[in-house]
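Student: Contents of target.txt (compact mmCIF, C-alpha atoms):
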# COMPACT_ATOMS: atom_id res chain seq x y z
CA MET A 104 -12.68 0.89 -2.20
CA PHE A 105 -9.84 5.43 -0.44
CA HIS A 106 -10.22 10.86 0.77
CA LEU A 107 -10.10 12.98 3.68
CA VAL A 108 -8.15 16.15 4.24
CA MET A 109 -8.32 19.29 6.30
CA VAL A 110 -7.32 22.36 4.33
CA PRO A 111 -7.44 25.34 6.68
CA CYS A 112 -6.24 27.77 4.07
CA MET A 113 -8.85 26.76 1.51
CA ALA A 114 -12.65 26.99 1.54
CA PHE A 115 -14.19 23.58 0.94
CA THR A 116 -16.81 22.92 -1.70
CA PRO A 117 -18.09 19.59 -3.04
CA ARG A 118 -15.65 19.91 -5.93
CA ASP A 119 -12.78 19.64 -3.48
CA TRP A 120 -13.66 15.99 -3.07
CA PHE A 121 -11.26 13.62 -4.71
CA ASN A 122 -10.29 10.25 -3.51
CA PHE A 123 -12.02 7.16 -2.36
CA ILE A 124 -14.11 6.44 0.69
CA GLY A 125 -17.61 7.79 1.49
CA PHE A 126 -21.20 6.56 2.05
CA GLY A 127 -24.95 7.53 2.09
CA ASN A 128 -28.42 6.03 1.77
CA GLU A 129 -31.74 7.21 0.42
CA GLU A 130 -34.23 8.60 2.86
CA GLY A 131 -36.40 5.87 4.31
CA GLN A 132 -34.06 3.08 3.23
CA LYS A 133 -31.68 1.21 5.48
CA PRO A 134 -28.30 -0.25 4.47
CA GLN A 135 -28.36 -4.02 4.30
CA PRO A 136 -24.88 -5.46 4.85
CA LEU A 137 -23.85 -9.07 4.67
CA LEU A 138 -23.16 -10.56 8.08
CA ILE A 139 -19.61 -11.82 8.17
CA GLY A 140 -17.49 -13.63 10.77
CA ASN A 141 -18.77 -13.17 14.32
CA GLU A 142 -21.90 -11.40 13.11
CA ALA A 143 -22.87 -14.42 11.02
CA GLN A 144 -22.55 -16.67 14.05
CA ASN A 145 -24.24 -14.17 16.33
CA PRO A 146 -26.93 -12.18 14.51
CA GLY A 147 -27.40 -10.05 17.59
CA ALA A 148 -23.97 -8.56 16.95
CA ALA A 149 -25.30 -6.74 13.88
CA ASP A 150 -27.14 -3.46 14.00
CA PRO A 151 -30.82 -4.47 14.30
CA ALA A 152 -31.76 -1.58 12.02
CA MET A 153 -29.64 -3.02 9.21
CA PRO A 154 -31.27 -6.23 7.86
CA THR A 155 -29.40 -8.50 5.49
CA LYS A 156 -30.19 -9.42 1.89
CA THR A 157 -30.47 -13.16 1.39
CA ASP A 158 -31.03 -13.00 -2.36
CA LEU A 159 -27.35 -12.43 -3.12
CA ARG A 160 -25.28 -15.54 -3.66
CA GLU A 161 -22.13 -16.87 -5.27
CA LYS A 162 -22.38 -18.37 -8.78
CA PHE A 163 -25.59 -16.40 -9.32
CA TYR A 164 -25.23 -16.59 -13.12
CA SER A 165 -24.03 -20.20 -13.31
CA ARG A 166 -27.08 -21.15 -15.41
CA THR A 167 -28.12 -17.91 -17.09
CA CYS A 168 -24.64 -16.62 -18.02
CA PRO A 169 -21.98 -19.14 -16.95
CA LYS A 170 -19.09 -17.18 -18.51
CA ALA A 171 -20.00 -13.90 -16.81
CA GLU A 172 -17.30 -13.89 -14.14
CA LYS A 173 -14.60 -14.97 -16.61
CA ILE A 174 -15.60 -12.23 -19.06
CA VAL A 175 -15.27 -9.64 -16.30
CA ALA A 176 -11.96 -11.06 -15.11
CA ASP A 177 -10.48 -11.12 -18.62
CA VAL A 178 -11.38 -7.50 -19.40
CA VAL A 179 -10.08 -6.21 -16.06
CA ALA A 180 -6.82 -8.16 -16.43
CA GLU A 181 -6.29 -6.90 -19.97
CA THR A 182 -6.94 -3.31 -18.90
CA PHE A 183 -4.50 -3.60 -16.02
CA LYS A 184 -1.68 -4.45 -18.44
CA THR A 185 -1.78 -0.95 -19.95
CA ASN A 186 -3.44 1.01 -17.13
CA PRO A 187 -2.52 -0.21 -13.63
CA ASN A 188 -4.34 2.78 -12.12
CA ALA A 189 -7.61 1.25 -13.32
CA LEU A 190 -7.59 -0.97 -10.24
CA ALA A 191 -7.85 1.95 -7.82
CA ASN A 192 -10.41 3.63 -10.09
CA VAL A 193 -12.77 0.63 -10.03
CA ILE A 194 -12.44 0.13 -6.28
CA ARG A 195 -13.31 3.78 -5.78
CA LEU A 196 -16.30 3.48 -8.12
CA GLN A 197 -17.82 0.72 -6.03
CA PHE A 198 -17.31 2.66 -2.84
CA HIS A 199 -18.97 5.78 -4.23
CA ASP A 200 -21.83 3.80 -5.75
CA CYS A 201 -22.59 1.76 -2.65
CA PHE A 202 -22.35 4.63 -0.16
CA VAL A 203 -24.95 6.74 -1.95
CA GLY A 204 -28.27 4.91 -2.10
CA GLY A 205 -26.73 1.45 -2.21
CA CYS A 206 -24.93 -0.87 -4.63
CA ASP A 207 -27.39 -0.26 -7.47
CA ALA A 208 -25.27 1.26 -10.30
CA SER A 209 -26.85 4.69 -9.74
CA LEU A 210 -23.40 6.22 -10.09
CA LEU A 211 -23.09 4.94 -13.66
CA LEU A 212 -26.16 6.75 -15.04
CA ASP A 213 -25.55 9.78 -17.27
CA TYR A 214 -29.18 10.90 -17.34
CA ILE A 215 -32.60 10.19 -15.82
CA PRO A 216 -35.98 11.09 -17.42
CA SER A 217 -36.81 13.68 -14.73
CA GLY A 218 -33.85 15.75 -15.87
CA ASP A 219 -32.43 15.98 -12.35
CA GLN A 220 -28.67 16.03 -12.00
CA VAL A 221 -27.35 12.50 -11.56
CA GLU A 222 -24.80 11.33 -8.99
CA LYS A 223 -22.05 11.42 -11.59
CA ARG A 224 -22.62 15.18 -11.84
CA SER A 225 -22.06 15.73 -8.13
CA GLY A 226 -18.94 17.67 -7.27
CA PHE A 227 -17.99 14.75 -5.03
CA ASN A 228 -17.88 12.43 -8.04
CA GLY A 229 -17.49 14.23 -11.33
CA LEU A 230 -14.12 15.89 -10.97
CA LEU A 231 -11.77 12.97 -10.53
CA LEU A 232 -13.89 9.83 -10.44
CA LYS A 233 -12.76 7.45 -13.19
CA GLY A 234 -13.40 3.89 -14.32
CA ALA A 235 -16.88 4.05 -15.89
CA ASP A 236 -15.43 3.40 -19.35
CA LEU A 237 -14.05 0.07 -18.14
CA ILE A 238 -17.48 -0.93 -16.84
CA ASP A 239 -18.94 0.04 -20.24
CA ASP A 240 -16.46 -2.25 -21.98
CA ILE A 241 -17.24 -5.17 -19.69
CA LYS A 242 -20.98 -4.66 -19.98
CA SER A 243 -20.88 -4.62 -23.79
CA LYS A 244 -19.12 -8.01 -23.80
CA LEU A 245 -21.61 -9.39 -21.29
CA GLU A 246 -24.48 -8.22 -23.48
CA GLN A 247 -22.97 -10.01 -26.46
CA GLU A 248 -22.75 -13.22 -24.45
CA CYS A 249 -26.00 -12.99 -22.44
CA PRO A 250 -28.30 -10.11 -23.44
CA GLN A 251 -29.95 -8.27 -20.56
CA THR A 252 -28.93 -10.84 -17.97
CA VAL A 253 -26.07 -9.45 -15.86
CA SER A 254 -26.89 -6.19 -14.11
CA CYS A 255 -24.61 -3.17 -14.15
CA ALA A 256 -24.55 -3.28 -10.35
CA ASP A 257 -23.17 -6.83 -10.46
CA THR A 258 -20.79 -5.90 -13.27
CA LEU A 259 -19.26 -3.19 -11.08
CA VAL A 260 -18.99 -5.47 -8.04
CA PHE A 261 -17.49 -8.30 -10.11
CA ALA A 262 -14.97 -5.90 -11.66
CA THR A 263 -14.03 -4.59 -8.23
CA ASN A 264 -13.55 -8.13 -6.97
CA GLU A 265 -11.13 -8.82 -9.83
CA ALA A 266 -9.34 -5.53 -9.19
CA LEU A 267 -8.81 -6.54 -5.57
CA ILE A 268 -7.39 -9.90 -6.64
CA LEU A 269 -5.01 -8.25 -9.11
CA SER A 270 -4.03 -5.83 -6.33
CA GLY A 271 -2.75 -8.73 -4.25
CA LEU A 272 -5.76 -9.93 -2.24
CA PRO A 273 -6.80 -13.60 -2.01
CA ARG A 274 -9.25 -14.82 -4.64
CA GLN A 275 -12.89 -15.17 -3.66
CA ARG A 276 -16.16 -15.58 -5.54
CA PRO A 277 -18.28 -12.41 -5.63
CA LEU A 278 -21.93 -12.35 -4.64
CA GLY A 279 -24.39 -11.80 -7.50
CA GLY A 280 -28.07 -11.00 -7.80
CA ARG A 281 -28.20 -7.21 -7.66
CA ARG A 282 -30.45 -5.25 -9.98
CA ASP A 283 -30.09 -1.73 -11.34
CA THR A 284 -31.86 1.32 -10.00
CA LEU A 285 -34.04 3.56 -12.15
CA THR A 286 -32.87 6.77 -10.55
CA SER A 287 -29.77 8.71 -9.56
CA LEU A 288 -29.57 12.08 -7.81
CA ALA A 289 -26.53 14.29 -7.36
CA LYS A 290 -28.04 15.79 -4.22
CA MET A 291 -27.80 12.36 -2.57
CA ALA A 292 -24.03 12.46 -3.02
CA ASP A 293 -23.81 16.09 -1.94
CA ASP A 294 -25.95 15.75 1.18
CA ASN A 295 -23.36 14.46 3.68
CA ASN A 296 -23.44 11.01 2.14
CA LEU A 297 -19.81 10.92 1.06
CA PRO A 298 -17.07 11.82 3.54
CA ALA A 299 -15.56 15.21 2.77
CA PRO A 300 -11.89 16.17 2.94
CA ASN A 301 -12.45 18.55 5.84
CA TRP A 302 -14.50 16.26 8.09
CA PRO A 303 -13.27 15.63 11.63
CA LEU A 304 -12.82 12.04 12.72
CA GLU A 305 -15.98 12.14 14.82
CA LYS A 306 -18.11 12.86 11.77
CA MET A 307 -16.34 10.15 9.80
CA ILE A 308 -17.07 7.60 12.51
CA GLU A 309 -20.70 8.68 12.65
CA THR A 310 -21.12 8.37 8.87
CA PHE A 311 -19.59 4.91 8.68
CA LYS A 312 -21.62 3.79 11.65
CA LYS A 313 -24.84 4.77 9.84
CA LYS A 314 -23.79 2.34 7.14
CA GLY A 315 -23.14 -0.47 9.60
CA PHE A 316 -19.36 -0.11 9.91
CA ASN A 317 -17.64 0.38 13.25
CA GLU A 318 -14.37 2.20 13.94
CA GLU A 319 -12.20 -0.85 13.23
CA GLU A 320 -13.96 -1.52 9.94
CA MET A 321 -13.70 2.13 8.90
CA VAL A 322 -9.93 2.13 9.43
CA ILE A 323 -9.51 -1.07 7.41
CA LEU A 324 -11.60 0.26 4.53
CA LEU A 325 -9.52 3.44 4.51
CA GLY A 326 -6.60 1.11 3.85
CA ALA A 327 -7.78 1.32 0.24
CA HIS A 328 -5.53 4.37 0.14
CA SER A 329 -2.79 1.79 -0.39
CA VAL A 330 -3.66 1.79 -4.10
CA GLY A 331 -4.74 5.40 -4.24
CA SER A 332 -3.23 8.83 -4.57
CA THR A 333 -4.06 12.33 -3.47
CA HIS A 334 -3.44 15.58 -5.27
CA CYS A 335 -1.06 18.22 -4.04
CA ASP A 336 -4.02 20.60 -3.60
CA PHE A 337 -4.93 18.65 -0.49
CA ILE A 338 -1.53 18.31 1.17
CA LEU A 339 0.46 21.42 0.16
CA TYR A 340 -0.44 23.24 3.36
CA ARG A 341 1.11 20.49 5.51
CA ALA A 342 4.50 20.96 3.83
CA TYR A 343 4.51 24.73 3.26
CA ASN A 344 2.04 26.64 5.39
CA TYR A 345 0.45 24.69 8.21
CA LYS A 346 -2.20 26.78 9.97
CA GLU A 347 -0.90 29.96 8.31
CA THR A 348 2.54 29.65 9.95
CA ASN A 349 4.56 29.48 6.71
CA LYS A 350 6.09 26.36 8.21
CA PRO A 351 5.43 22.61 7.78
CA ASP A 352 3.09 20.65 10.03
CA PRO A 353 5.27 20.04 13.11
CA THR A 354 3.87 16.51 13.48
CA LEU A 355 5.34 15.47 10.12
CA PRO A 356 8.92 14.14 10.09
CA GLU A 357 11.34 16.12 7.99
CA GLY A 358 11.73 13.24 5.56
CA VAL A 359 7.99 13.14 4.85
CA VAL A 360 7.91 16.91 4.35
CA ASP A 361 10.75 16.54 1.84
CA GLU A 362 8.82 13.80 -0.01
CA ILE A 363 5.79 16.04 -0.33
CA LYS A 364 7.86 18.99 -1.53
CA LYS A 365 9.59 16.82 -4.10
CA VAL A 366 6.24 16.03 -5.75
CA CYS A 367 4.42 19.25 -4.86
CA VAL A 368 7.17 21.63 -5.91
CA ASN A 369 5.16 24.82 -6.23
CA ALA A 370 3.05 25.93 -3.30
CA ASN A 371 1.34 28.54 -5.46
CA THR A 372 0.15 26.24 -8.26
CA PRO A 373 -3.53 26.95 -9.06
CA GLN A 374 -6.05 24.58 -7.55
CA TYR A 375 -6.63 21.32 -9.52
CA ARG A 376 -3.37 21.86 -11.45
CA ASN A 377 -1.15 20.00 -9.01
CA PRO A 378 0.11 16.47 -9.68
CA PRO A 379 -0.98 13.38 -7.75
CA MET A 380 1.12 11.82 -5.01
CA ASN A 381 0.89 8.14 -4.16
CA PHE A 382 -0.02 7.24 -0.59
CA ASP A 383 2.74 4.64 -0.43
CA GLU A 384 5.53 3.15 -2.53
CA THR A 385 3.43 0.33 -4.04
CA PRO A 386 0.49 2.15 -5.68
CA THR A 387 -0.76 -0.86 -7.65
CA VAL A 388 -0.50 -3.35 -4.76
CA LEU A 389 -3.13 -3.33 -2.03
CA ASP A 390 -0.84 -4.12 0.89
CA ASN A 391 -0.41 -2.90 4.45
CA LEU A 392 2.46 -0.53 3.61
CA PHE A 393 0.06 2.41 4.00
CA PHE A 394 -0.36 1.42 7.66
CA LYS A 395 3.30 0.49 8.18
CA ASN A 396 4.37 3.92 6.99
CA MET A 397 1.99 5.51 9.46
CA VAL A 398 3.34 3.50 12.38
CA GLU A 399 7.04 3.28 11.55
CA ARG A 400 7.60 6.64 9.85
CA ASN A 401 4.65 8.73 11.06
CA LYS A 402 3.91 9.26 7.35
CA THR A 403 0.40 10.56 6.72
CA LEU A 404 -0.31 12.63 3.65
CA LEU A 405 -3.85 13.48 4.68
CA GLU A 406 -4.35 15.03 8.08
CA THR A 407 -7.37 12.82 8.59
CA ASP A 408 -5.14 9.78 8.27
CA ALA A 409 -3.06 11.28 11.06
CA TYR A 410 -6.22 11.28 13.17
CA LEU A 411 -6.46 7.50 12.70
CA LEU A 412 -2.94 7.08 14.03
CA ASN A 413 -3.40 9.32 17.05
CA ASP A 414 -6.95 8.64 18.24
CA PRO A 415 -7.37 5.85 20.85
CA ARG A 416 -10.51 4.58 19.07
CA THR A 417 -8.65 3.90 15.82
CA ALA A 418 -4.93 3.66 16.66
CA PRO A 419 -5.06 0.00 17.80
CA THR A 420 -6.45 -1.05 14.41
CA VAL A 421 -3.77 0.94 12.59
CA GLN A 422 -1.12 -0.82 14.67
CA GLN A 423 -2.70 -4.23 14.08
CA MET A 424 -2.95 -3.78 10.30
CA ALA A 425 0.63 -2.52 10.15
CA ALA A 426 1.86 -5.62 11.95
CA ASP A 427 -0.12 -8.28 10.09
CA PRO A 428 -0.38 -8.05 6.28
CA GLU A 429 -2.35 -11.30 5.97
CA LEU A 430 -4.93 -10.09 8.47
CA PHE A 431 -5.30 -6.83 6.54
CA HIS A 432 -5.92 -8.75 3.31
CA LYS A 433 -8.45 -11.03 4.97
CA ARG A 434 -10.38 -8.27 6.71
CA PHE A 435 -10.32 -5.90 3.75
CA MET A 436 -11.77 -8.55 1.44
CA GLU A 437 -14.47 -9.37 3.99
CA LEU A 438 -15.42 -5.73 4.35
CA MET A 439 -15.54 -5.11 0.61
CA LYS A 440 -17.99 -8.01 0.38
CA LYS A 441 -20.01 -6.43 3.20
CA LEU A 442 -19.90 -3.09 1.39
CA SER A 443 -21.19 -4.75 -1.78
CA THR A 444 -24.44 -5.69 -0.02
CA LEU A 445 -25.53 -2.19 1.05
CA ASN A 446 -29.11 -1.35 0.04
CA VAL A 447 -29.15 -3.72 -2.92
CA LEU A 448 -32.14 -4.21 -5.23
CA THR A 449 -33.01 -7.83 -5.89
CA GLY A 450 -35.83 -10.00 -7.23
CA LYS A 451 -38.15 -7.88 -9.37
CA ASP A 452 -36.99 -4.51 -8.03
CA GLY A 453 -35.29 -2.16 -10.47
CA GLU A 454 -34.20 -3.56 -13.82
CA ILE A 455 -31.32 -5.11 -15.77
CA ARG A 456 -29.97 -2.29 -17.90
CA LYS A 457 -28.80 -2.95 -21.43
CA ILE A 458 -26.40 0.03 -21.18
CA CYS A 459 -25.06 1.11 -17.82
CA ARG A 460 -25.25 4.83 -18.64
CA SER A 461 -29.03 4.89 -19.18
CA ILE A 462 -32.17 3.16 -18.01
CA ASN A 463 -33.97 0.93 -20.51
Would you write the structure of this file as structure tokens?

Tutor:
Amino acid sequence: MFHLVMVPCMAFTPRDWFNFIGFGNEEGQKPQPLLIGNEAQNPGAADPAMPTKTDLREKFYSRTCPKAEKIVADVVAETFKTNPNALANVIRLQFHDCFVGGCDASLLLDYIPSGDQVEKRSGFNGLLLKGADLIDDIKSKLEQECPQTVSCADTLVFATNEALILSGLPRQRPLGGRRDTLTSLAKMADDNNLPAPNWPLEKMIETFKKKGFNEEEMVILLGAHSVGSTHCDFILYRAYNYKETNKPDPTLPEGVVDEIKKVCVNANTPQYRNPPMNFDETPTVLDNLFFKNMVERNKTLLETDAYLLNDPRTAPTVQQMAADPELFHKRFMELMKKLSTLNVLTGKDGEIRKICRSIN
């Protein structure tokens, strides 16, 4: 599904965006999450402004393309053998696609007939967002098996589901039935629809809430950092020059400062030239170590993650996820399914693209 950092010594632009979690919807449209758990039993628990989509279902292609899910699973598994980082890339792709306009494969378009800049060209997406090539590979095999049957939106969600399973989460069947949008606009990604590295926690909470996610759910989704990494550009100041003091962030333990300095060895390296640093010690396993490190070692690379640990609205969830790895797996999988239902196109809306990078 993971991106937030305060950099006092650096002016923020959209191109400073890098990591994983952020959301937005088109004007006039409302996110449409799947009701899960208590919400399913008590519809009143859901935001009344956020209706559900009933056209999504498991085994959607059982008659029209029965091998679809296996084709996706096989390609993702084969890719993982040579590129374990592909798992984090695909999870991030789904997050960025669903949070801007909905889970409609708008992020995958290279061009639209109007000539407007597409989401992929947004500074929030274009610099470090990866994984589209894997979706292209999967889609080409699906087209060979079942021409113009499986949408690019479903292809991305199915691939993400397999990535989560390979990352250590329990297997579940993905929901299918999404169709592909005919448009994509970079300004939708730029216009406060994806969380920025310098956002305060209050703004983060507000943004997630607009998408139908409360504080607990936001914290759990940010657990996607478990398979992510950040670049030294975004954390150097915490180890070398916190708030222009020429000293480390006093809230960071000395051992964590040393870890950062070991990876980020040169505080004067030009922006975007610094190496990545993993959030935890198991970068290809989506586990609760990200949360355990926060609680047991006070290790937070991003200052915004430190907010989660220290704010009374979010700290209890951090503690709970750190203490219960099975609960984290269960809740994260549920929330990724909920994420996959935001603002979907179904029925006769949109289209089924032949190629994910262009409309038909």

Student: Considering only C-alpha atoms, return as a ChimeraX atom specification whatever protein or nucleic-acid residues lie within 10 Å of region 419-430 of chain A, sequence-local ones (same chain, fewer than 2 positions apart) excluded.

Tutor: /A:272-273,318-323,326,389-399,408,411-417,432-436

Student: Which residue gives the smallest distance to Asn317 (chain A) among A:Tyr164, A:Thr449, A:Arg456, A:Leu438, with only C-alpha atoms counted?

Tutor: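 Among the listed residues, A:Leu438 lies closest to Asn317 (chain A).
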
Student: Just how far from CA of Asn188 (chain A) is CA of Leu442 (chain A), in Å to one decimal?

Tutor: 21.4 Å

Student: So which residues are close to (5.3, 0.5, -6.9), meaning at most 12 Å away in the file's coordinates with only C-alpha atoms counted, and can you show them as a PyMOL selection string?

Tutor: chain A and resi 187-188+270+329-331+381-390+392

Student: Skip Ala256 (chain A) itself and residues of its chain fewer than 5 positions away, then list as number ranges by chain all residues within 8 Å of it, counting all atoms listed in the file.

Tutor: A: 206-208, 281-283

Student: Applying 12 Å and all atoms listed in the file, which residues near Gln251 (chain A) remain after dropping the ones on its own chain fewer than 2 positions away? List them as a PyMOL selection string.

Tutor: chain A and resi 167-168+242-249+253-255+258+282-283+454-459+462-463

Student: Report the distance between CA of Cys201 (chain A) and CA of Ala418 (chain A) in Å, rounded to one decimal place.

Tutor: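 Those two atoms sit 26.2 Å apart.
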
Student: Go through A:Ala409, A:Ala266, A:Leu278, A:Ala292 and flag the residue nearest Asp158 (chain A), using only C-alpha atoms for the distances.

Tutor: A:Leu278

Student: Rounded to one decimal, what separation in Å do you get between CA of His334 (chain A) and CA of Asn377 (chain A)?

Tutor: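 Taking CA of His334 (chain A) as the start and CA of Asn377 (chain A) as the end point, the length is 6.2 Å.
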
Student: Rank A:Asp177, A:Glu347, A:Glu222, A:Glu305 by their smallest atom-to-atom distance to Asp293 (chain A), using only C-alpha atoms, and report the top residue only.

Tutor: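 Of A:Asp177, A:Glu347, A:Glu222, A:Glu305, the one nearest Asp293 (chain A) is A:Glu222, counting only C-alpha atoms.
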
Student: Can region 328-337 of chain A be brought up to all heavy atoms and written out as a short mmCIF file (atom, residue, chain, number, x, y, z; two decimals), in the coordinates of the input?

Tutor:
data_model
loop_
_atom_site.label_atom_id
_atom_site.label_comp_id
_atom_site.auth_asym_id
_atom_site.auth_seq_id
_atom_site.Cartn_x
_atom_site.Cartn_y
_atom_site.Cartn_z
N HIS A 328 -6.49 3.35 0.56
CA HIS A 328 -5.53 4.37 0.14
C HIS A 328 -4.22 3.73 -0.32
O HIS A 328 -3.42 4.38 -0.99
CB HIS A 328 -5.23 5.32 1.30
CG HIS A 328 -6.29 6.34 1.53
ND1 HIS A 328 -6.46 6.97 2.74
CD2 HIS A 328 -7.23 6.86 0.72
CE1 HIS A 328 -7.46 7.84 2.65
NE2 HIS A 328 -7.95 7.78 1.44
N SER A 329 -4.01 2.49 0.03
CA SER A 329 -2.79 1.79 -0.39
C SER A 329 -2.63 1.78 -1.90
O SER A 329 -1.51 1.76 -2.41
CB SER A 329 -2.81 0.36 0.15
OG SER A 329 -1.71 -0.38 -0.34
N VAL A 330 -3.75 1.75 -2.65
CA VAL A 330 -3.66 1.79 -4.10
C VAL A 330 -4.18 3.11 -4.65
O VAL A 330 -4.55 3.22 -5.80
CB VAL A 330 -4.42 0.62 -4.77
CG1 VAL A 330 -3.71 -0.69 -4.54
CG2 VAL A 330 -5.87 0.56 -4.27
N GLY A 331 -4.22 4.11 -3.80
CA GLY A 331 -4.74 5.40 -4.24
C GLY A 331 -3.68 6.47 -4.25
O GLY A 331 -2.51 6.25 -3.94
N SER A 332 -4.11 7.66 -4.61
CA SER A 332 -3.23 8.83 -4.57
C SER A 332 -4.07 10.04 -4.21
O SER A 332 -5.29 10.03 -4.35
CB SER A 332 -2.56 9.05 -5.94
OG SER A 332 -3.53 9.32 -6.94
N THR A 333 -3.41 11.05 -3.72
CA THR A 333 -4.06 12.33 -3.47
C THR A 333 -3.39 13.38 -4.32
O THR A 333 -2.29 13.16 -4.84
CB THR A 333 -3.98 12.71 -1.98
OG1 THR A 333 -4.69 13.94 -1.78
CG2 THR A 333 -2.54 12.89 -1.53
N HIS A 334 -4.04 14.51 -4.50
CA HIS A 334 -3.44 15.58 -5.27
C HIS A 334 -2.81 16.61 -4.34
O HIS A 334 -3.24 16.78 -3.19
CB HIS A 334 -4.48 16.25 -6.18
CG HIS A 334 -4.74 15.47 -7.43
ND1 HIS A 334 -5.40 14.26 -7.42
CD2 HIS A 334 -4.42 15.71 -8.73
CE1 HIS A 334 -5.48 13.79 -8.66
NE2 HIS A 334 -4.89 14.64 -9.46
N CYS A 335 -1.80 17.27 -4.86
CA CYS A 335 -1.06 18.22 -4.04
C CYS A 335 -1.97 19.31 -3.45
O CYS A 335 -1.67 19.85 -2.39
CB CYS A 335 0.05 18.86 -4.85
SG CYS A 335 1.42 17.72 -5.23
N ASP A 336 -3.07 19.61 -4.13
CA ASP A 336 -4.02 20.60 -3.60
C ASP A 336 -4.37 20.32 -2.14
O ASP A 336 -4.61 21.24 -1.37
CB ASP A 336 -5.33 20.57 -4.40
CG ASP A 336 -5.14 20.95 -5.85
OD1 ASP A 336 -4.35 21.85 -6.13
OD2 ASP A 336 -5.79 20.31 -6.70
N PHE A 337 -4.42 19.04 -1.78
CA PHE A 337 -4.93 18.65 -0.49
C PHE A 337 -3.86 18.46 0.58
O PHE A 337 -4.19 18.24 1.74
CB PHE A 337 -5.75 17.36 -0.63
CG PHE A 337 -6.92 17.52 -1.56
CD1 PHE A 337 -6.81 17.14 -2.89
CD2 PHE A 337 -8.10 18.08 -1.13
CE1 PHE A 337 -7.87 17.31 -3.76
CE2 PHE A 337 -9.17 18.25 -1.99
CZ PHE A 337 -9.06 17.87 -3.32
#
